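run-v4.cif follows (mmCIF, C-alpha atoms):
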data_input
loop_
_atom_site.label_atom_id
_atom_site.label_comp_id
_atom_site.auth_asym_id
_atom_site.auth_seq_id
_atom_site.Cartn_x
_atom_site.Cartn_y
_atom_site.Cartn_z
CA MET A 474 1.03 28.71 -45.00
CA VAL A 475 2.31 31.90 -43.41
CA GLY A 476 5.01 31.36 -40.81
CA ILE A 477 7.04 33.38 -38.40
CA ARG A 478 9.70 33.86 -41.10
CA ASP A 479 7.18 35.83 -43.20
CA VAL A 480 6.21 38.00 -40.22
CA ALA A 481 9.88 38.77 -39.52
CA LYS A 482 10.64 39.61 -43.15
CA ARG A 483 7.74 42.09 -43.45
CA ALA A 484 8.64 43.73 -40.13
CA GLY A 485 12.30 43.93 -41.09
CA VAL A 486 13.56 42.12 -37.99
CA SER A 487 15.00 38.73 -37.14
CA ILE A 488 12.90 35.64 -36.46
CA ALA A 489 14.35 35.55 -32.95
CA THR A 490 13.15 39.10 -32.28
CA VAL A 491 9.61 38.29 -33.43
CA SER A 492 9.58 35.16 -31.24
CA ARG A 493 10.80 37.03 -28.16
CA VAL A 494 8.33 39.88 -28.64
CA LEU A 495 5.39 37.50 -29.08
CA ASN A 496 6.48 35.54 -26.02
CA GLU A 497 6.86 38.79 -24.04
CA ASP A 498 10.48 38.09 -23.14
CA PRO A 499 11.23 40.52 -20.26
CA THR A 500 14.96 40.52 -21.06
CA LEU A 501 14.41 41.84 -24.62
CA SER A 502 15.02 45.54 -25.22
CA VAL A 503 13.41 46.86 -28.45
CA THR A 504 11.82 50.14 -29.43
CA ILE A 505 8.11 50.79 -29.46
CA GLU A 506 8.41 51.31 -33.23
CA THR A 507 9.81 47.79 -33.68
CA LYS A 508 6.99 46.30 -31.62
CA GLN A 509 4.46 48.20 -33.72
CA LYS A 510 6.00 46.86 -36.95
CA ILE A 511 5.81 43.31 -35.65
CA ALA A 512 2.21 43.80 -34.51
CA GLU A 513 1.27 45.19 -37.94
CA SER A 514 2.93 42.25 -39.69
CA VAL A 515 1.15 39.75 -37.44
CA GLN A 516 -2.19 41.43 -38.20
CA PHE A 517 -1.47 41.58 -41.93
CA TYR A 518 -0.87 37.83 -42.14
CA ASN A 519 -3.40 36.87 -39.41
CA TYR A 520 -0.51 34.98 -37.89
CA VAL A 521 -1.26 32.81 -34.85
CA LYS A 522 1.59 31.91 -32.55
CA LYS A 523 2.06 28.19 -32.21
CA SER A 524 1.54 26.79 -28.76
CA PRO A 525 4.54 24.95 -27.35
CA ALA A 526 4.28 21.20 -27.77
CA ALA A 527 2.78 19.60 -24.73
CA LYS A 528 5.17 17.45 -22.77
CA ASN A 529 4.38 13.76 -22.80
CA VAL A 530 3.77 13.38 -19.07
CA THR A 531 2.21 10.26 -17.55
CA ASN A 532 -0.04 11.15 -14.64
CA ILE A 533 -1.35 8.62 -12.13
CA ALA A 534 -3.76 8.96 -9.23
CA LEU A 535 -3.33 7.20 -5.92
CA ILE A 536 -6.37 6.08 -3.94
CA THR A 537 -5.47 4.95 -0.43
CA THR A 538 -7.50 3.64 2.48
CA VAL A 539 -4.86 4.88 4.92
CA SER A 540 -5.00 8.33 6.51
CA GLU A 541 -1.91 10.52 6.42
CA VAL A 542 -1.35 10.08 10.16
CA ASP A 543 -1.72 6.29 10.00
CA GLU A 544 0.62 6.13 7.03
CA LEU A 545 3.30 8.01 8.94
CA GLU A 546 2.89 5.75 11.98
CA ASP A 547 2.64 2.41 10.14
CA PRO A 548 5.93 1.37 8.49
CA TYR A 549 4.09 -1.20 6.34
CA PHE A 550 2.12 1.36 4.35
CA ARG A 551 4.80 4.01 4.61
CA THR A 552 7.32 1.86 2.76
CA ILE A 553 4.77 0.92 0.08
CA ARG A 554 4.36 4.65 -0.57
CA ARG A 555 8.13 5.10 -0.63
CA GLY A 556 8.43 2.37 -3.26
CA ILE A 557 5.75 4.05 -5.38
CA GLN A 558 7.51 7.41 -5.12
CA ILE A 559 10.95 6.02 -6.00
CA GLU A 560 9.71 4.09 -9.04
CA ALA A 561 7.54 7.00 -10.22
CA GLU A 562 10.53 9.34 -10.18
CA GLN A 563 12.72 6.86 -12.03
CA SER A 564 10.00 6.11 -14.59
CA LYS A 565 9.13 9.79 -15.17
CA VAL A 566 5.62 9.21 -13.85
CA ASN A 567 3.85 12.08 -12.11
CA LEU A 568 1.86 11.25 -8.98
CA LYS A 569 -0.76 13.86 -9.78
CA LYS A 570 -3.44 13.21 -7.16
CA ILE A 571 -3.64 11.43 -3.81
CA ILE A 572 -7.16 10.54 -2.68
CA ARG A 573 -7.44 9.39 0.93
CA LEU A 574 -10.82 7.69 1.15
CA SER A 575 -10.83 8.02 4.93
CA ASP A 576 -10.85 11.81 4.46
CA THR A 577 -12.17 12.52 0.95
CA PRO A 578 -14.93 10.77 -1.05
CA LEU A 579 -14.08 9.46 -4.50
CA ASP A 580 -14.18 12.16 -7.20
CA LYS A 581 -14.52 11.10 -10.85
CA ASP A 582 -12.82 14.25 -12.16
CA ASP A 583 -9.58 13.34 -10.39
CA LEU A 584 -9.51 9.96 -12.16
CA VAL A 585 -10.35 11.28 -15.64
CA LYS A 586 -7.33 13.61 -15.57
CA CYS A 587 -4.90 10.72 -15.01
CA GLN A 588 -3.78 7.88 -17.26
CA GLY A 589 -3.65 5.29 -14.47
CA VAL A 590 -4.83 4.63 -10.92
CA LEU A 591 -3.23 2.81 -7.98
CA ILE A 592 -5.38 1.63 -5.06
CA ILE A 593 -3.61 0.92 -1.77
CA GLY A 594 -5.51 -1.19 0.74
CA GLN A 595 -8.83 -2.96 0.70
CA VAL A 596 -11.95 -1.38 -0.77
CA LEU A 597 -15.34 -2.82 -1.63
CA PRO A 598 -15.59 -4.46 -5.09
CA SER A 599 -18.01 -1.71 -6.11
CA VAL A 600 -15.22 0.87 -5.70
CA ILE A 601 -12.89 -1.08 -8.00
CA GLU A 602 -15.70 -1.45 -10.54
CA GLU A 603 -16.46 2.27 -10.44
CA VAL A 604 -12.81 3.30 -10.79
CA SER A 605 -12.21 0.80 -13.61
CA ALA A 606 -15.24 2.12 -15.51
CA ILE A 607 -13.75 5.62 -15.41
CA ASN A 608 -10.12 4.64 -15.89
CA PRO A 609 -9.33 1.06 -16.98
CA ASN A 610 -5.65 1.26 -16.01
CA VAL A 611 -6.03 0.20 -12.38
CA VAL A 612 -3.65 -1.69 -10.07
CA VAL A 613 -4.78 -2.82 -6.61
CA ILE A 614 -2.08 -3.06 -3.95
CA ASP A 615 -2.21 -5.32 -0.86
CA ASP A 616 -5.53 -7.07 -1.49
CA PRO A 617 -5.28 -10.74 -2.53
CA SER A 618 -9.06 -11.08 -2.83
CA VAL A 619 -9.52 -8.96 -5.99
CA GLU A 620 -11.06 -10.53 -9.07
CA ALA A 621 -8.75 -12.16 -11.63
CA GLU A 622 -9.45 -9.53 -14.29
CA VAL A 623 -7.95 -6.78 -12.09
CA ASP A 624 -4.21 -6.07 -12.01
CA ALA A 625 -2.89 -6.53 -8.49
CA VAL A 626 0.31 -6.87 -6.48
CA TYR A 627 0.47 -8.29 -2.96
CA THR A 628 2.21 -10.81 -0.73
CA ASP A 629 0.69 -14.14 0.33
CA LEU A 630 0.25 -13.77 4.08
CA ALA A 631 -2.13 -16.76 4.23
CA LYS A 632 0.73 -18.97 3.07
CA ALA A 633 3.08 -17.32 5.57
CA THR A 634 0.49 -18.02 8.29
CA ARG A 635 0.54 -21.73 7.49
CA GLN A 636 4.35 -21.75 7.47
CA HIS A 637 4.44 -20.10 10.91
CA LEU A 638 1.95 -22.67 12.22
CA GLU A 639 3.76 -25.67 10.72
CA ARG A 640 6.96 -24.61 12.43
CA LEU A 641 5.16 -24.18 15.76
CA TYR A 642 3.56 -27.59 15.30
CA GLU A 643 6.95 -29.20 14.70
CA LYS A 644 8.10 -27.63 17.97
CA GLY A 645 5.26 -29.31 19.82
CA HIS A 646 2.73 -26.49 20.02
CA ARG A 647 -0.95 -27.45 19.77
CA ASN A 648 -2.80 -24.91 21.89
CA ILE A 649 -2.27 -21.85 19.66
CA ALA A 650 -4.38 -18.67 19.88
CA PHE A 651 -4.74 -15.87 17.34
CA ILE A 652 -4.76 -12.11 17.98
CA GLY A 653 -5.58 -9.82 15.09
CA GLY A 654 -8.21 -7.51 13.69
CA GLY A 655 -11.17 -7.66 11.38
CA ARG A 656 -10.95 -7.20 7.64
CA VAL A 657 -11.62 -3.52 6.96
CA ARG A 658 -12.80 -2.38 3.52
CA LEU A 659 -13.82 1.13 2.55
CA ASP A 660 -16.60 2.25 0.22
CA ARG A 661 -16.45 5.29 -2.09
CA GLN A 662 -17.45 7.59 0.78
CA GLY A 663 -14.73 6.25 3.08
CA THR A 664 -17.17 4.34 5.29
CA ARG A 665 -15.57 1.33 6.98
CA HIS A 666 -17.05 -2.13 6.40
CA VAL A 667 -15.61 -4.63 8.87
CA SER A 668 -15.89 -8.42 8.56
CA ASP A 669 -14.22 -11.36 10.31
CA ASP A 670 -12.87 -13.05 7.14
CA GLU A 671 -9.38 -11.54 7.42
CA TYR A 672 -7.04 -13.89 5.53
CA ARG A 673 -4.49 -14.54 8.31
CA LYS A 674 -7.26 -15.37 10.76
CA THR A 675 -9.05 -17.56 8.19
CA ALA A 676 -5.83 -19.41 7.33
CA TYR A 677 -5.22 -20.00 11.06
CA GLU A 678 -8.70 -21.48 11.57
CA GLU A 679 -8.49 -23.72 8.50
CA TRP A 680 -5.04 -25.01 9.48
CA MET A 681 -6.11 -25.75 13.07
CA GLN A 682 -9.12 -27.69 11.79
CA GLN A 683 -6.98 -29.69 9.35
CA LYS A 684 -4.65 -30.65 12.18
CA GLY A 685 -7.54 -31.79 14.39
CA LEU A 686 -6.98 -28.88 16.80
CA THR A 687 -10.45 -27.33 16.54
CA LYS A 688 -10.91 -27.34 20.32
CA TYR A 689 -7.95 -24.98 20.68
CA ILE A 690 -9.14 -22.37 18.14
CA LYS A 691 -9.42 -19.00 19.87
CA ASN A 692 -9.58 -15.64 18.11
CA TYR A 693 -9.22 -12.18 19.61
CA LEU A 694 -10.04 -9.54 17.00
CA GLU A 695 -9.74 -6.19 18.75
CA GLY A 696 -8.11 -4.16 15.95
CA TRP A 697 -4.68 -3.48 14.46
CA THR A 698 -2.94 -1.03 16.81
CA THR A 699 -0.54 -1.57 19.69
CA LEU A 700 -3.29 -0.68 22.18
CA ASP A 701 -5.58 -3.24 20.51
CA GLY A 702 -2.87 -5.87 20.96
CA MET A 703 -2.53 -5.10 24.65
CA GLN A 704 -6.30 -5.21 25.19
CA ALA A 705 -6.64 -8.49 23.29
CA ALA A 706 -3.87 -10.12 25.33
CA ASP A 707 -5.43 -8.82 28.56
CA LEU A 708 -8.71 -10.45 27.53
CA LEU A 709 -6.94 -13.72 26.71
CA LEU A 710 -5.32 -13.80 30.14
CA GLN A 711 -8.67 -13.13 31.82
CA GLU A 712 -10.28 -16.08 30.04
CA TYR A 713 -7.57 -18.66 30.76
CA ASN A 714 -6.16 -19.83 34.04
CA GLN A 715 -2.39 -20.15 34.31
CA ALA A 716 -2.41 -23.92 33.72
CA ASN A 717 -4.41 -23.78 30.48
CA LEU A 718 -2.76 -20.82 28.75
CA PRO A 719 -1.99 -21.28 25.04
CA THR A 720 1.60 -22.29 24.50
CA ALA A 721 1.84 -19.94 21.50
CA ILE A 722 0.08 -16.87 20.15
CA MET A 723 0.03 -15.90 16.49
CA VAL A 724 -0.30 -12.11 16.17
CA GLY A 725 -1.59 -10.41 12.99
CA ASN A 726 1.08 -7.71 12.76
CA ASP A 727 4.09 -6.31 14.63
CA PRO A 728 2.39 -3.21 16.14
CA LEU A 729 -0.14 -5.60 17.71
CA ALA A 730 2.70 -7.80 18.93
CA VAL A 731 4.24 -4.86 20.81
CA GLY A 732 0.98 -4.55 22.75
CA VAL A 733 0.86 -8.31 23.38
CA TYR A 734 4.41 -8.20 24.77
CA ARG A 735 3.41 -5.37 27.09
CA SER A 736 0.35 -7.22 28.41
CA LEU A 737 2.13 -10.52 29.00
CA GLN A 738 5.12 -8.92 30.68
CA LYS A 739 3.08 -6.70 33.00
CA ASN A 740 1.23 -9.86 34.09
CA GLY A 741 4.47 -11.59 35.02
CA LEU A 742 4.68 -13.93 32.00
CA HIS A 743 7.90 -14.54 30.12
CA ILE A 744 8.35 -14.83 26.35
CA PRO A 745 9.05 -17.48 25.11
CA GLU A 746 9.38 -19.50 28.35
CA ASP A 747 5.66 -19.22 29.16
CA ILE A 748 4.20 -18.31 25.75
CA SER A 749 5.79 -18.21 22.30
CA ILE A 750 4.90 -15.26 20.02
CA VAL A 751 5.06 -15.02 16.21
CA SER A 752 3.95 -12.13 14.03
CA PHE A 753 3.99 -10.43 10.61
CA ASP A 754 5.56 -7.36 8.90
CA ASN A 755 9.11 -7.19 10.34
CA ILE A 756 8.96 -3.51 11.20
CA GLU A 757 12.11 -2.02 12.71
CA VAL A 758 11.01 -2.36 16.33
CA ALA A 759 10.58 -6.16 15.97
CA GLU A 760 14.32 -6.72 16.16
CA PHE A 761 14.69 -4.61 19.30
CA LEU A 762 11.91 -6.09 21.43
CA THR A 763 13.00 -8.26 24.35
CA PRO A 764 13.12 -11.02 23.27
CA ALA A 765 13.52 -10.17 19.57
CA LEU A 766 10.34 -11.04 17.66
CA ASN A 767 9.93 -13.88 15.15
CA THR A 768 8.03 -12.36 12.26
CA VAL A 769 7.34 -12.41 8.52
CA ASN A 770 9.40 -10.01 6.43
CA VAL A 771 7.45 -8.39 3.58
CA ASN A 772 9.29 -6.40 0.89
CA THR A 773 6.74 -3.60 0.90
CA GLU A 774 8.95 -1.16 -1.00
CA GLU A 775 9.18 -3.60 -3.89
CA ILE A 776 5.39 -3.99 -3.83
CA GLY A 777 5.07 -0.24 -4.37
CA ARG A 778 7.65 -0.18 -7.14
CA LEU A 779 6.04 -3.10 -8.96
CA ALA A 780 2.65 -1.39 -8.85
CA VAL A 781 4.02 1.59 -10.79
CA ARG A 782 5.65 -0.68 -13.39
CA ILE A 783 2.43 -2.66 -13.83
CA VAL A 784 0.24 0.41 -14.32
CA ASN A 785 2.83 1.86 -16.71
CA GLU A 786 2.54 -1.25 -18.89
CA ARG A 787 -1.21 -0.75 -19.07
CA ILE A 788 -0.88 2.95 -19.90
CA LYS A 789 1.66 2.33 -22.67
CA GLY A 790 -0.34 -0.59 -24.05
CA THR A 791 2.58 -3.01 -23.84
CA ARG A 792 0.37 -5.49 -21.95
CA LYS A 793 -3.36 -6.11 -22.27
CA VAL A 794 -3.70 -9.31 -20.23
CA PRO A 795 -4.47 -8.84 -16.49
CA ILE A 796 -1.75 -9.98 -14.12
CA GLN A 797 -1.54 -10.49 -10.38
CA VAL A 798 1.96 -10.46 -8.93
CA ILE A 799 2.71 -12.18 -5.62
CA VAL A 800 5.81 -10.76 -3.95
CA ALA A 801 7.63 -13.36 -1.88
CA ASN A 802 7.96 -13.00 1.88
CA ASN A 803 10.21 -14.80 4.35
CA ILE A 804 10.09 -15.68 8.02
CA ILE A 805 12.70 -14.09 10.29
CA ILE A 806 13.57 -16.41 13.17
CA ARG A 807 14.80 -14.64 16.30
CA GLU A 808 14.05 -15.37 19.97
CA SER A 809 10.29 -15.26 20.66
CA GLU A 810 9.42 -18.95 20.30
CA LYS A 811 10.67 -22.16 21.87
CA ASN A 812 10.11 -25.90 21.72
CA ASN A 813 7.10 -27.08 23.68
CA SER A 814 7.96 -30.40 25.29
CA LEU A 815 4.37 -31.17 26.34
CA LYS A 816 2.87 -32.28 23.05
CA LYS A 817 -0.89 -32.75 23.20
#

Please express what this file holds, its structure, as structure tokens.
Amino acid sequence: MVGIRDVAKRAGVSIATVSRVLNEDPTLSVTIETKQKIAESVQFYNYVKKSPAAKNVTNIALITTVSEVDELEDPYFRTIRRGIQIEAEQSKVNLKKIIRLSDTPLDKDDLVKCQGVLIIGQVLPSVIEEVSAINPNVVVIDDPSVEAEVDAVYTDLAKATRQHLERLYEKGHRNIAFIGGGRVRLDRQGTRHVSDDEYRKTAYEEWMQQKGLTKYIKNYLEGWTTLDGMQAADLLLQEYNQANLPTAIMVGNDPLAVGVYRSLQKNGLHIPEDISIVSFDNIEVAEFLTPALNTVNVNTEEIGRLAVRIVNERIKGTRKVPIQVIVANNIIIRESEKNNSLKK
């Protein structure tokens, strides 16, 4: 087989000179005659320059249900993304494509070009099936309802809900309301499908029934923003008179809780003297509310990092059995709840 050494020998130049001429090195200074000799030698041997070896780069695609604006404003999803980015850089994984379903429909070509796919947020089962059929190396983040054969990483907020409620119960609370939002899942076109089977709300209802507190069950599912929280609390206050107010409110996330605080305080109620408040997420503002909020701390950055490790195992073939990883959470006790002496 003819090689570059043969081309150099016939042209009467060094191998390095042939290589630099063929690669059009702009820093090389040679005569036109030398270039012609090299070209003649290449033609004589029908020599074909070898392409540089392709770098072994692992590319992954990220499908997210969260818009760019919402991701910037919501610390929960923002820190998941940060964890993904940190682990990807450390693992030499290239985040090749970000598909925001709320803005861009699913495109098969984007998935074929990558070795693995991460899905952040809740999508319809048909989306997971479609993605898995195109690219089997899929990890779903933050959805505990996915089928057992799908790799997933999430935290158990239903369990945290029950722990919150058990503590409130031990403090004498019976009349406990819930403020949250519906379960939102996206289809391949980014269309929202909303249902009322959100897992914190469902865990609340089941626990209240088990404790014989069915008559106190009251849900306000306005949405997941601070404004939604304020509107839900306003509605709660309109429906109850002062004497029958719940002694505690469980709120689905901290941004909602900020709105609940605002509503209660503008209506002259004091936390926790009049109503205790507990929540989820432990975003930065939770510690600086007055009073400081009792909430569930979720290690969202670790969730993102684990997702990259899990998909990497699939890509490299070091694991073939599906796994679902539950990242532990913990309750942060601060100042927003109190003992209720009037047990009912």

Quiz item: Hey, what's within 9 Å of Tyr693 of chain A if we count all atoms listed in the file and toss same-chain stuff fewer than 2 positions away? As a ChimeraX atom specification, please?
Solution: /A:650-654,691,695-696,705-706,708-709

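The two atoms in question, atom CA of Arg661 of chain A and atom CA of Ile536 of chain A, are spaced 10.3 Å apart.
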
With all atoms listed in the file counted and 7 Å as the cut-off, give the residues of segment 487-556 of chain A in contact with segment 769-781 of chain A, each with its shortest interatomic distance in Å and the pair that gives it, as CSV.
residue,atom,partner,partner_atom,distance
A:Tyr549,CA,A:Thr773,CA,6.5
A:Thr552,CA,A:Glu774,CA,5.1
A:Ile553,CA,A:Gly777,CA,4.6
A:Arg554,CA,A:Gly777,CA,6.2
A:Arg555,CA,A:Glu774,CA,6.3
A:Gly556,CA,A:Glu774,CA,4.2

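Here atom CA of Ala534 of chain A stands at a distance of 12.1 Å from atom CA of Val613 of chain A.
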
Exercise. Within 6 Å of Ala625 of chain A, counting all atoms listed in the file, which residues show up once you throw out same-chain ones fewer than 3 positions away? Write them as a ChimeraX atom specification, please.
Key: /A:612-614,797

Quiz item: Within 8 Å of Gly655 of chain A, counting only C-alpha atoms, which residues qualify if same-chain residues fewer than 3 places away don't, as an MDAnalysis selection string?
Solution: chainID A and resid 667:671 694:696

Practice problem: I would like the residues chosen by the PyMOL selection byres ((chain A and resi 798-811) around 8) on the shown file; could you give them as number ranges by chain? | Solution: A: 625-629, 633, 637, 644, 721, 744-746, 748-751, 755, 760, 764-772, 775-776, 796-797, 812-813

Please rebuild segment 720-731 of chain A with all heavy atoms and give the result as a compact mmCIF listing (two decimals), in the frame of the given file.
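What landed in part-v3.txt:
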# COMPACT_ATOMS: atom_id res chain seq x y z
N THR A 720 0.14 -22.25 24.48
CA THR A 720 1.60 -22.29 24.50
C THR A 720 2.20 -21.34 23.48
O THR A 720 3.39 -21.02 23.52
CB THR A 720 2.11 -23.71 24.21
OG1 THR A 720 1.69 -24.11 22.90
CG2 THR A 720 1.57 -24.69 25.25
N ALA A 721 1.37 -20.87 22.53
CA ALA A 721 1.84 -19.94 21.50
C ALA A 721 0.69 -19.03 21.08
O ALA A 721 -0.48 -19.42 21.10
CB ALA A 721 2.38 -20.69 20.30
N ILE A 722 1.05 -17.82 20.69
CA ILE A 722 0.08 -16.87 20.15
C ILE A 722 0.59 -16.38 18.80
O ILE A 722 1.74 -15.93 18.69
CB ILE A 722 -0.13 -15.65 21.07
CG1 ILE A 722 -0.59 -16.09 22.46
CG2 ILE A 722 -1.14 -14.69 20.45
CD1 ILE A 722 -0.69 -14.93 23.45
N MET A 723 -0.26 -16.51 17.78
CA MET A 723 0.03 -15.90 16.49
C MET A 723 -0.62 -14.52 16.47
O MET A 723 -1.80 -14.38 16.76
CB MET A 723 -0.52 -16.75 15.34
CG MET A 723 -0.48 -16.04 14.00
SD MET A 723 -0.84 -17.16 12.65
CE MET A 723 0.71 -18.04 12.57
N VAL A 724 0.17 -13.49 16.15
CA VAL A 724 -0.30 -12.11 16.17
C VAL A 724 -0.32 -11.57 14.73
O VAL A 724 0.63 -11.80 13.97
CB VAL A 724 0.59 -11.23 17.08
CG1 VAL A 724 0.00 -9.84 17.20
CG2 VAL A 724 0.73 -11.88 18.45
N GLY A 725 -1.37 -10.83 14.38
CA GLY A 725 -1.59 -10.41 12.99
C GLY A 725 -0.59 -9.44 12.42
O GLY A 725 -0.35 -9.43 11.21
N ASN A 726 0.02 -8.59 13.26
CA ASN A 726 1.08 -7.71 12.76
C ASN A 726 1.97 -7.27 13.93
O ASN A 726 1.65 -7.48 15.10
CB ASN A 726 0.53 -6.51 11.98
CG ASN A 726 -0.23 -5.51 12.84
OD1 ASN A 726 -0.16 -5.53 14.07
ND2 ASN A 726 -0.96 -4.61 12.21
N ASP A 727 3.10 -6.66 13.60
CA ASP A 727 4.09 -6.31 14.63
C ASP A 727 3.61 -5.23 15.60
O ASP A 727 3.90 -5.32 16.80
CB ASP A 727 5.40 -5.89 13.97
CG ASP A 727 6.11 -7.06 13.30
OD1 ASP A 727 5.69 -8.21 13.51
OD2 ASP A 727 7.09 -6.82 12.56
N PRO A 728 2.90 -4.17 15.15
CA PRO A 728 2.39 -3.21 16.14
C PRO A 728 1.50 -3.88 17.18
O PRO A 728 1.58 -3.55 18.37
CB PRO A 728 1.60 -2.21 15.28
CG PRO A 728 2.30 -2.24 13.96
CD PRO A 728 2.68 -3.68 13.77
N LEU A 729 0.65 -4.84 16.76
CA LEU A 729 -0.14 -5.60 17.71
C LEU A 729 0.75 -6.38 18.66
O LEU A 729 0.49 -6.46 19.87
CB LEU A 729 -1.05 -6.59 16.97
CG LEU A 729 -2.39 -6.11 16.42
CD1 LEU A 729 -3.03 -7.21 15.59
CD2 LEU A 729 -3.31 -5.70 17.55
N ALA A 730 1.80 -6.98 18.12
CA ALA A 730 2.70 -7.80 18.93
C ALA A 730 3.36 -6.99 20.04
O ALA A 730 3.59 -7.50 21.14
CB ALA A 730 3.76 -8.46 18.04
N VAL A 731 3.66 -5.72 19.76
CA VAL A 731 4.24 -4.86 20.81
C VAL A 731 3.27 -4.77 21.99
O VAL A 731 3.68 -4.86 23.16
CB VAL A 731 4.55 -3.46 20.25
CG1 VAL A 731 5.01 -2.53 21.38
CG2 VAL A 731 5.62 -3.54 19.16
